[in-house]
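Peer 1: File my_file-v3.cif below, mmCIF, C-alpha atoms and all ligand atoms:
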```cif
data_input
#
loop_
_atom_site.label_atom_id
_atom_site.label_comp_id
_atom_site.auth_asym_id
_atom_site.auth_seq_id
_atom_site.Cartn_x
_atom_site.Cartn_y
_atom_site.Cartn_z
CA MET A 1 126.22 101.45 100.90
CA SER A 2 123.13 99.88 99.45
CA ASN A 3 119.95 100.54 97.52
CA ILE A 4 117.10 101.10 99.95
CA ILE A 5 113.30 101.07 99.89
CA LEU A 6 111.34 102.67 102.73
CA LEU A 7 107.94 101.11 103.44
CA GLY A 8 105.40 102.28 105.98
CA PRO A 9 101.87 103.61 106.48
CA PRO A 10 101.08 107.32 105.99
CA ALA A 11 102.77 109.52 108.64
CA SER A 12 105.03 106.69 109.80
CA GLY A 13 108.08 108.94 109.22
CA LYS A 14 109.38 107.62 105.88
CA GLY A 15 110.16 111.11 104.57
CA THR A 16 111.85 112.16 107.82
CA GLN A 17 114.03 109.03 107.95
CA CYS A 18 114.88 109.56 104.30
CA GLN A 19 116.13 113.10 105.07
CA LEU A 20 118.19 111.83 108.03
CA LEU A 21 119.76 109.11 105.87
CA LEU A 22 120.63 111.71 103.23
CA LYS A 23 122.50 113.79 105.83
CA GLN A 24 124.64 110.79 106.74
CA ARG A 25 125.22 109.01 103.42
CA GLU A 26 125.24 109.81 99.74
CA TYR A 27 122.08 108.63 98.04
CA SER A 28 119.95 109.71 95.16
CA CYS A 29 116.55 109.92 96.80
CA LEU A 30 113.09 109.89 95.28
CA GLY A 31 110.00 110.55 97.42
CA THR A 32 107.10 109.67 95.15
CA GLY A 33 104.48 111.52 97.23
CA GLN A 34 106.49 114.76 96.94
CA VAL A 35 107.03 114.27 93.20
CA LEU A 36 103.26 113.88 92.79
CA ARG A 37 102.54 116.97 94.93
CA ASP A 38 105.06 118.99 92.87
CA GLU A 39 103.28 117.92 89.69
CA VAL A 40 99.95 119.06 91.20
CA HIS A 41 101.45 122.45 92.14
CA SER A 42 102.81 122.88 88.60
CA GLY A 43 99.19 123.09 87.41
CA SER A 44 99.86 120.72 84.49
CA GLU A 45 97.17 118.52 82.97
CA LEU A 46 98.87 115.52 84.56
CA GLY A 47 98.86 117.41 87.89
CA VAL A 48 95.09 117.90 87.68
CA LEU A 49 94.66 114.16 87.11
CA ILE A 50 97.00 113.28 90.00
CA GLU A 51 95.17 115.69 92.33
CA SER A 52 91.92 113.82 91.75
CA TYR A 53 93.55 110.72 93.29
CA LEU A 54 95.37 112.51 96.14
CA ASN A 55 92.20 114.36 97.17
CA ARG A 56 90.43 111.03 97.68
CA GLY A 57 93.31 109.36 99.50
CA ALA A 58 93.57 106.91 96.58
CA TYR A 59 96.77 105.50 95.14
CA VAL A 60 97.62 106.87 91.68
CA PRO A 61 97.52 104.19 88.94
CA ASP A 62 100.52 101.85 88.80
CA GLN A 63 101.40 102.69 85.19
CA LEU A 64 101.56 106.41 85.94
CA ILE A 65 103.85 106.16 88.96
CA MET A 66 106.00 103.41 87.41
CA ARG A 67 106.72 105.56 84.36
CA MET A 68 107.90 108.41 86.64
CA VAL A 69 110.04 106.20 88.88
CA PHE A 70 111.70 104.19 86.10
CA GLN A 71 112.53 107.37 84.20
CA TRP A 72 114.13 108.76 87.36
CA LEU A 73 116.08 105.54 88.04
CA ASP A 74 117.34 105.43 84.45
CA ASN A 75 118.71 108.96 84.86
CA GLN A 76 120.79 108.04 87.92
CA VAL A 77 124.23 107.59 86.43
CA SER A 78 125.91 106.10 89.48
CA GLY A 79 125.66 105.60 93.20
CA ASN A 80 122.96 104.20 95.40
CA TRP A 81 119.27 105.02 95.41
CA LEU A 82 116.75 105.47 98.15
CA LEU A 83 113.04 105.16 97.34
CA ASP A 84 110.55 106.71 99.75
CA GLY A 85 107.00 105.58 98.95
CA PHE A 86 107.69 103.25 96.03
CA PRO A 87 106.78 100.46 95.51
CA ARG A 88 103.38 100.53 97.17
CA THR A 89 101.64 97.67 95.35
CA MET A 90 102.70 94.15 94.34
CA ALA A 91 102.48 95.17 90.67
CA GLN A 92 104.96 98.00 91.34
CA ALA A 93 107.33 95.75 93.31
CA LYS A 94 107.35 93.08 90.61
CA ALA A 95 107.77 95.66 87.83
CA LEU A 96 110.74 97.19 89.67
CA GLU A 97 112.36 93.77 89.84
CA ASP A 98 111.55 92.96 86.19
CA TYR A 99 112.99 96.31 85.19
CA GLY A 100 116.29 95.25 86.75
CA TYR A 101 116.41 97.35 89.92
CA THR A 102 116.80 95.26 93.04
CA PRO A 103 116.88 96.77 96.52
CA ASP A 104 119.51 95.54 98.97
CA VAL A 105 117.47 96.51 102.00
CA VAL A 106 113.78 97.23 102.56
CA ILE A 107 113.04 99.13 105.77
CA GLY A 108 109.48 98.67 107.08
CA ILE A 109 108.52 101.32 109.63
CA ASP A 110 105.77 100.16 112.02
CA VAL A 111 103.44 102.57 113.83
CA ASP A 112 99.92 101.78 115.14
CA GLN A 113 96.86 103.47 113.61
CA MET A 114 95.94 105.57 116.65
CA SER A 115 99.42 107.13 116.85
CA LEU A 116 99.35 107.78 113.11
CA GLU A 117 96.04 109.63 113.43
CA GLU A 118 97.50 111.80 116.22
CA ARG A 119 100.48 112.59 114.01
CA ILE A 120 98.33 113.43 111.01
CA LEU A 121 96.31 115.93 113.05
CA SER A 122 99.45 117.85 114.05
CA ARG A 123 101.49 117.41 110.86
CA LEU A 124 102.68 120.49 108.97
CA ILE A 125 104.68 120.63 105.74
CA CYS A 126 107.04 123.43 104.72
CA SER A 127 105.91 125.13 101.50
CA SER A 128 109.56 125.93 100.64
CA CYS A 129 111.70 122.89 101.52
CA SER A 130 108.91 120.27 101.95
CA ALA A 131 110.24 119.17 105.36
CA THR A 132 107.61 117.73 107.68
CA HIS A 133 107.17 119.00 111.25
CA SER A 134 104.79 118.47 114.13
CA ARG A 135 102.73 121.42 115.34
CA ASN A 136 103.20 119.99 118.86
CA ILE A 137 106.95 120.61 118.57
CA VAL A 138 107.39 123.67 116.35
CA GLY A 139 104.06 125.46 116.93
CA SER A 140 102.50 126.90 113.78
CA GLY A 141 105.18 129.50 112.96
CA SER A 142 107.85 129.12 110.31
CA CYS A 143 109.92 126.13 109.27
CA PRO A 144 112.84 125.62 111.69
CA ASP A 145 114.97 124.30 108.80
CA CYS A 146 114.58 127.10 106.23
CA GLY A 147 112.18 129.72 107.62
CA GLY A 148 109.51 128.83 105.01
CA VAL A 149 105.77 128.91 105.64
CA LEU A 150 104.36 125.81 107.37
CA GLN A 151 101.06 124.48 106.01
CA VAL A 152 98.67 121.59 106.60
CA ARG A 153 99.07 119.08 103.75
CA SER A 154 95.91 119.16 101.65
CA ASP A 155 95.50 115.37 101.92
CA ASP A 156 95.99 115.26 105.70
CA GLY A 157 92.31 115.27 106.76
CA ILE A 158 91.28 112.34 108.94
CA ALA A 159 88.86 110.79 106.38
CA ASN A 160 91.53 111.01 103.68
CA PHE A 161 94.08 109.49 106.07
CA ARG A 162 91.76 106.54 106.79
CA ASN A 163 91.43 105.83 103.05
CA ARG A 164 95.20 105.96 102.66
CA PHE A 165 95.64 103.68 105.66
CA LYS A 166 93.10 101.21 104.24
CA ASN A 167 94.98 101.23 100.93
CA PHE A 168 98.21 100.65 102.81
CA GLN A 169 96.74 97.61 104.55
CA GLN A 170 95.20 96.19 101.37
CA PHE A 171 97.87 96.94 98.76
CA THR A 172 101.16 97.66 100.55
CA MET A 173 101.14 95.20 103.48
CA PRO A 174 101.61 92.22 101.10
CA LEU A 175 104.99 93.73 100.18
CA TYR A 176 106.25 92.95 103.69
CA ASP A 177 105.86 89.21 103.01
CA PHE A 178 107.26 89.60 99.50
CA TYR A 179 110.49 91.22 100.74
CA GLU A 180 110.63 89.07 103.88
CA SER A 181 110.69 85.96 101.69
CA LYS A 182 113.67 87.46 99.85
CA ARG A 183 115.38 88.19 103.19
CA MET A 184 115.58 91.88 102.37
CA LEU A 185 113.17 93.23 105.00
CA ILE A 186 114.15 94.85 108.26
CA ARG A 187 111.36 96.17 110.50
CA VAL A 188 111.73 99.05 112.90
CA ASP A 189 109.44 100.42 115.58
CA GLY A 190 108.55 103.88 114.29
CA SER A 191 106.69 104.98 117.40
CA HIS A 192 109.78 106.58 118.95
CA SER A 193 111.30 109.99 118.19
CA PRO A 194 112.79 110.45 114.69
CA ALA A 195 116.32 110.48 116.18
CA GLU A 196 115.74 107.19 118.04
CA VAL A 197 114.22 105.51 114.98
CA PHE A 198 117.16 106.72 112.93
CA ARG A 199 119.66 105.34 115.48
CA HIS A 200 117.94 101.97 115.18
CA ILE A 201 117.97 102.05 111.37
CA SER A 202 121.64 103.09 111.27
CA LYS A 203 122.58 100.15 113.51
CA LEU A 204 120.78 97.71 111.20
CA LEU A 205 122.20 99.00 107.92
P1 LIG B 301 103.20 110.19 100.65
O1 LIG B 301 103.78 111.57 100.53
O2 LIG B 301 104.23 109.12 100.54
O3 LIG B 301 102.32 110.06 101.86
O4 LIG B 301 102.24 109.99 99.38
C1 LIG B 301 101.13 110.85 99.17
C2 LIG B 301 100.16 110.21 98.20
O5 LIG B 301 100.77 110.04 96.91
C3 LIG B 301 99.69 108.80 98.57
O6 LIG B 301 98.63 108.83 99.49
C4 LIG B 301 99.24 108.26 97.22
O7 LIG B 301 98.01 108.79 96.85
C5 LIG B 301 100.28 108.87 96.27
N1 LIG B 301 101.44 107.95 96.05
C6 LIG B 301 102.72 108.12 96.46
N2 LIG B 301 103.49 107.09 96.08
C7 LIG B 301 102.68 106.24 95.40
C8 LIG B 301 102.86 104.97 94.77
N3 LIG B 301 104.06 104.35 94.77
N4 LIG B 301 101.79 104.38 94.18
C9 LIG B 301 100.59 104.99 94.16
N5 LIG B 301 100.33 106.17 94.75
C10 LIG B 301 101.36 106.80 95.36
#
```
Just give me the structure of the file as structure tokens.
Peer 2:
Amino acid sequence: MSNIILLGPPASGKGTQCQLLLKQREYSCLGTGQVLRDEVHSGSELGVLIESYLNRGAYVPDQLIMRMVFQWLDNQVSGNWLLDGFPRTMAQAKALEDYGYTPDVVIGIDVDQMSLEERILSRLICSSCSATHSRNIVGSGSCPDCGGVLQVRSDDGIANFRNRFKNFQQFTMPLYDFYESKRMLIRVDGSHSPAEVFRHISKLL
């Protein structure tokens, strides 16, 4: 067992791999994108602020996301944690370390931009359980996991995706070198099916 960070561009399958890991091992898991979307849906003042970033495909400010993540980590009494989508900037990675939380393994999922764009155009999210599915596989009916309504994620337009991808290249890619230099990084080819990617990850852990 180990503490794990999942890194990867938008639609690379971080959330899906996170769910598969949770079925196999006991982790406390935090998906920062989902936490932010839940805050938006709550209609709070903070949610309105967060939505203004998500709608533009911009990262939310470091201080805001760090406060949420550190509070969550402090409330984990025991066991291992799995972070999906945090850290995403060097400031976040360094703050996590300074705060005393060190990952054992950082999994970097690689997928090329063209494949990501194809995925984004067919991606659906369940409004009940938040699982992600591809329209190409499940059609546009109900969620195969829980029967909930499948929707297009509001930030999944192509222009928004390109902003998020640019941010990933500019702000998140440097984290690969940061964790590589600490010998924590393992990279996996995320272009295969979720089950194949998961088999690869399981072998490496
Ligand atoms: P995701 O569900 O991981 O694709 O995240 C959705 C959106 O939430 C991202 O495009 C960012 O705008 C925001 N977000 C999630 N995690 C972070 C983070 N660690 N730092 C800044 N913004 C984040």
Peer 1: Taking the point (124.0, 100.7, 94.2) as given in the file, collect each protein or nucleic acid residue that comes within 8 Å of it, counting only C-alpha atoms, and present the set as an mmCIF file with C-alpha atoms, in the frame of the given file.
Peer 2:
```cif
data_model
loop_
_atom_site.group_PDB
_atom_site.id
_atom_site.type_symbol
_atom_site.label_atom_id
_atom_site.label_comp_id
_atom_site.auth_asym_id
_atom_site.auth_seq_id
_atom_site.Cartn_x
_atom_site.Cartn_y
_atom_site.Cartn_z
ATOM 1 C CA MET A 1 126.220 101.450 100.900
ATOM 2 C CA SER A 2 123.130 99.880 99.450
ATOM 3 C CA ASN A 3 119.950 100.540 97.520
ATOM 4 C CA SER A 78 125.910 106.100 89.480
ATOM 5 C CA GLY A 79 125.660 105.600 93.200
ATOM 6 C CA ASN A 80 122.960 104.200 95.400
ATOM 7 C CA TRP A 81 119.270 105.020 95.410
#
```
Peer 1: If the limit is 9 Å from any atom of ligand LIG 301 (chain B), counting only C-alpha atoms and all ligand atoms, which residues qualify? Return them as a PyMOL selection string.
Peer 2: chain A and resi 8-11+14-15+31-37+50-51+53-62+64-66+69+84-89+92+155+160-161+163-165+167-168
Peer 1: Between CA of Leu6 (chain A) and CA of Ser191 (chain A), what is the distance, to one decimal in Å?
Peer 2: 15.6 Å
Peer 1: Check the smallest atom-to-atom distance from each of A:Leu22, A:Ile107, A:Ala91, A:Met114 to His200 (chain A) using only C-alpha atoms, then report the winner.
Peer 2: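 Among the listed residues, A:Ile107 lies closest to His200 (chain A).
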Peer 1: Between A:Leu124, A:Val77, A:Leu20, A:Ile201, single out the one closest to Asn136 (chain A), counting all atoms listed in the file.
Peer 2: A:Leu124
Peer 1: Restricting the calculation to only C-alpha atoms, which member of A:Cys129, A:Met90, A:Ile109, A:Cys18 is positioned closest to Arg187 (chain A)?
Peer 2: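 Of the candidates, the smallest distance to Arg187 (chain A) is held by A:Ile109.
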Peer 1: Any idea what the distance is between CA of Cys29 (chain A) and CA of Cys143 (chain A)?
Peer 2: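 These atoms are spaced 21.5 Å apart.
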Peer 1: Just give me the gap between CA of Arg123 (chain A) and CA of Leu205 (chain A) in Å, one decimal is fine.
Peer 2: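 Computed distance, CA of Arg123 (chain A) to CA of Leu205 (chain A), equals 27.9 Å.
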Peer 1: Hey, which of A:Ser130, A:Phe171, A:Gly141, A:Ala195 ends up closest to Asp38 (chain A)? Count all atoms listed in the file.
Peer 2: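 Of all the options, A:Ser130 lies closest to Asp38 (chain A).
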Peer 1: Using all atoms listed in the file for the distances, tell me which of A:Ile158, A:Leu49, A:Val106, A:Ile4 is nearest to Ile186 (chain A).
Peer 2: A:Val106
Peer 1: Output as an mmCIF file, in the frame of the given file: region 67-90 of chain A, completed with N, CA and C atoms.
Peer 2:
```cif
data_model
loop_
_atom_site.group_PDB
_atom_site.id
_atom_site.type_symbol
_atom_site.label_atom_id
_atom_site.label_comp_id
_atom_site.auth_asym_id
_atom_site.auth_seq_id
_atom_site.Cartn_x
_atom_site.Cartn_y
_atom_site.Cartn_z
ATOM 1 N N ARG A 67 106.036 104.810 85.424
ATOM 2 C CA ARG A 67 106.720 105.560 84.360
ATOM 3 C C ARG A 67 107.628 106.626 84.980
ATOM 4 N N MET A 68 107.113 107.335 85.996
ATOM 5 C CA MET A 68 107.900 108.410 86.640
ATOM 6 C C MET A 68 109.133 107.842 87.344
ATOM 7 N N VAL A 69 108.940 106.749 88.078
ATOM 8 C CA VAL A 69 110.040 106.200 88.880
ATOM 9 C C VAL A 69 111.111 105.588 87.974
ATOM 10 N N PHE A 70 110.707 104.854 86.963
ATOM 11 C CA PHE A 70 111.700 104.190 86.100
ATOM 12 C C PHE A 70 112.502 105.223 85.316
ATOM 13 N N GLN A 71 111.818 106.298 84.908
ATOM 14 C CA GLN A 71 112.530 107.370 84.200
ATOM 15 C C GLN A 71 113.593 107.971 85.133
ATOM 16 N N TRP A 72 113.208 108.190 86.376
ATOM 17 C CA TRP A 72 114.130 108.760 87.360
ATOM 18 C C TRP A 72 115.309 107.804 87.599
ATOM 19 N N LEU A 73 115.009 106.513 87.777
ATOM 20 C CA LEU A 73 116.080 105.540 88.040
ATOM 21 C C LEU A 73 117.041 105.470 86.846
ATOM 22 N N ASP A 74 116.491 105.502 85.649
ATOM 23 C CA ASP A 74 117.340 105.430 84.450
ATOM 24 C C ASP A 74 118.270 106.635 84.339
ATOM 25 N N ASN A 75 117.869 107.754 84.940
ATOM 26 C CA ASN A 75 118.710 108.960 84.860
ATOM 27 C C ASN A 75 119.772 109.032 85.950
ATOM 28 N N GLN A 76 119.762 108.065 86.871
ATOM 29 C CA GLN A 76 120.790 108.040 87.920
ATOM 30 C C GLN A 76 122.023 107.385 87.324
ATOM 31 N N VAL A 77 123.071 108.169 87.121
ATOM 32 C CA VAL A 77 124.230 107.590 86.430
ATOM 33 C C VAL A 77 125.034 106.654 87.325
ATOM 34 N N SER A 78 125.131 106.975 88.600
ATOM 35 C CA SER A 78 125.910 106.100 89.480
ATOM 36 C C SER A 78 125.398 106.243 90.907
ATOM 37 N N GLY A 79 125.986 105.458 91.787
ATOM 38 C CA GLY A 79 125.660 105.600 93.200
ATOM 39 C C GLY A 79 124.421 104.817 93.602
ATOM 40 N N ASN A 80 124.071 104.961 94.854
ATOM 41 C CA ASN A 80 122.960 104.200 95.400
ATOM 42 C C ASN A 80 121.686 105.023 95.435
ATOM 43 N N TRP A 81 120.559 104.320 95.371
ATOM 44 C CA TRP A 81 119.270 105.020 95.410
ATOM 45 C C TRP A 81 118.476 104.661 96.651
ATOM 46 N N LEU A 82 117.605 105.593 96.969
ATOM 47 C CA LEU A 82 116.750 105.470 98.150
ATOM 48 C C LEU A 82 115.333 105.829 97.689
ATOM 49 N N LEU A 83 114.405 104.887 97.793
ATOM 50 C CA LEU A 83 113.040 105.160 97.340
ATOM 51 C C LEU A 83 112.111 105.282 98.541
ATOM 52 N N ASP A 84 111.478 106.447 98.652
ATOM 53 C CA ASP A 84 110.550 106.710 99.750
ATOM 54 C C ASP A 84 109.134 106.717 99.172
ATOM 55 N N GLY A 85 108.396 105.619 99.425
ATOM 56 C CA GLY A 85 107.000 105.580 98.950
ATOM 57 C C GLY A 85 106.794 104.798 97.672
ATOM 58 N N PHE A 86 107.811 104.126 97.205
ATOM 59 C CA PHE A 86 107.690 103.250 96.030
ATOM 60 C C PHE A 86 108.581 102.037 96.265
ATOM 61 N N PRO A 87 108.097 100.825 95.990
ATOM 62 C CA PRO A 87 106.780 100.460 95.510
ATOM 63 C C PRO A 87 105.742 100.469 96.635
ATOM 64 N N ARG A 88 104.482 100.544 96.202
ATOM 65 C CA ARG A 88 103.380 100.530 97.170
ATOM 66 C C ARG A 88 102.367 99.438 96.843
ATOM 67 N N THR A 89 102.542 98.783 95.710
ATOM 68 C CA THR A 89 101.640 97.670 95.350
ATOM 69 C C THR A 89 102.515 96.515 94.860
ATOM 70 N N MET A 90 101.937 95.311 94.842
ATOM 71 C CA MET A 90 102.700 94.150 94.340
ATOM 72 C C MET A 90 103.090 94.350 92.890
#
```
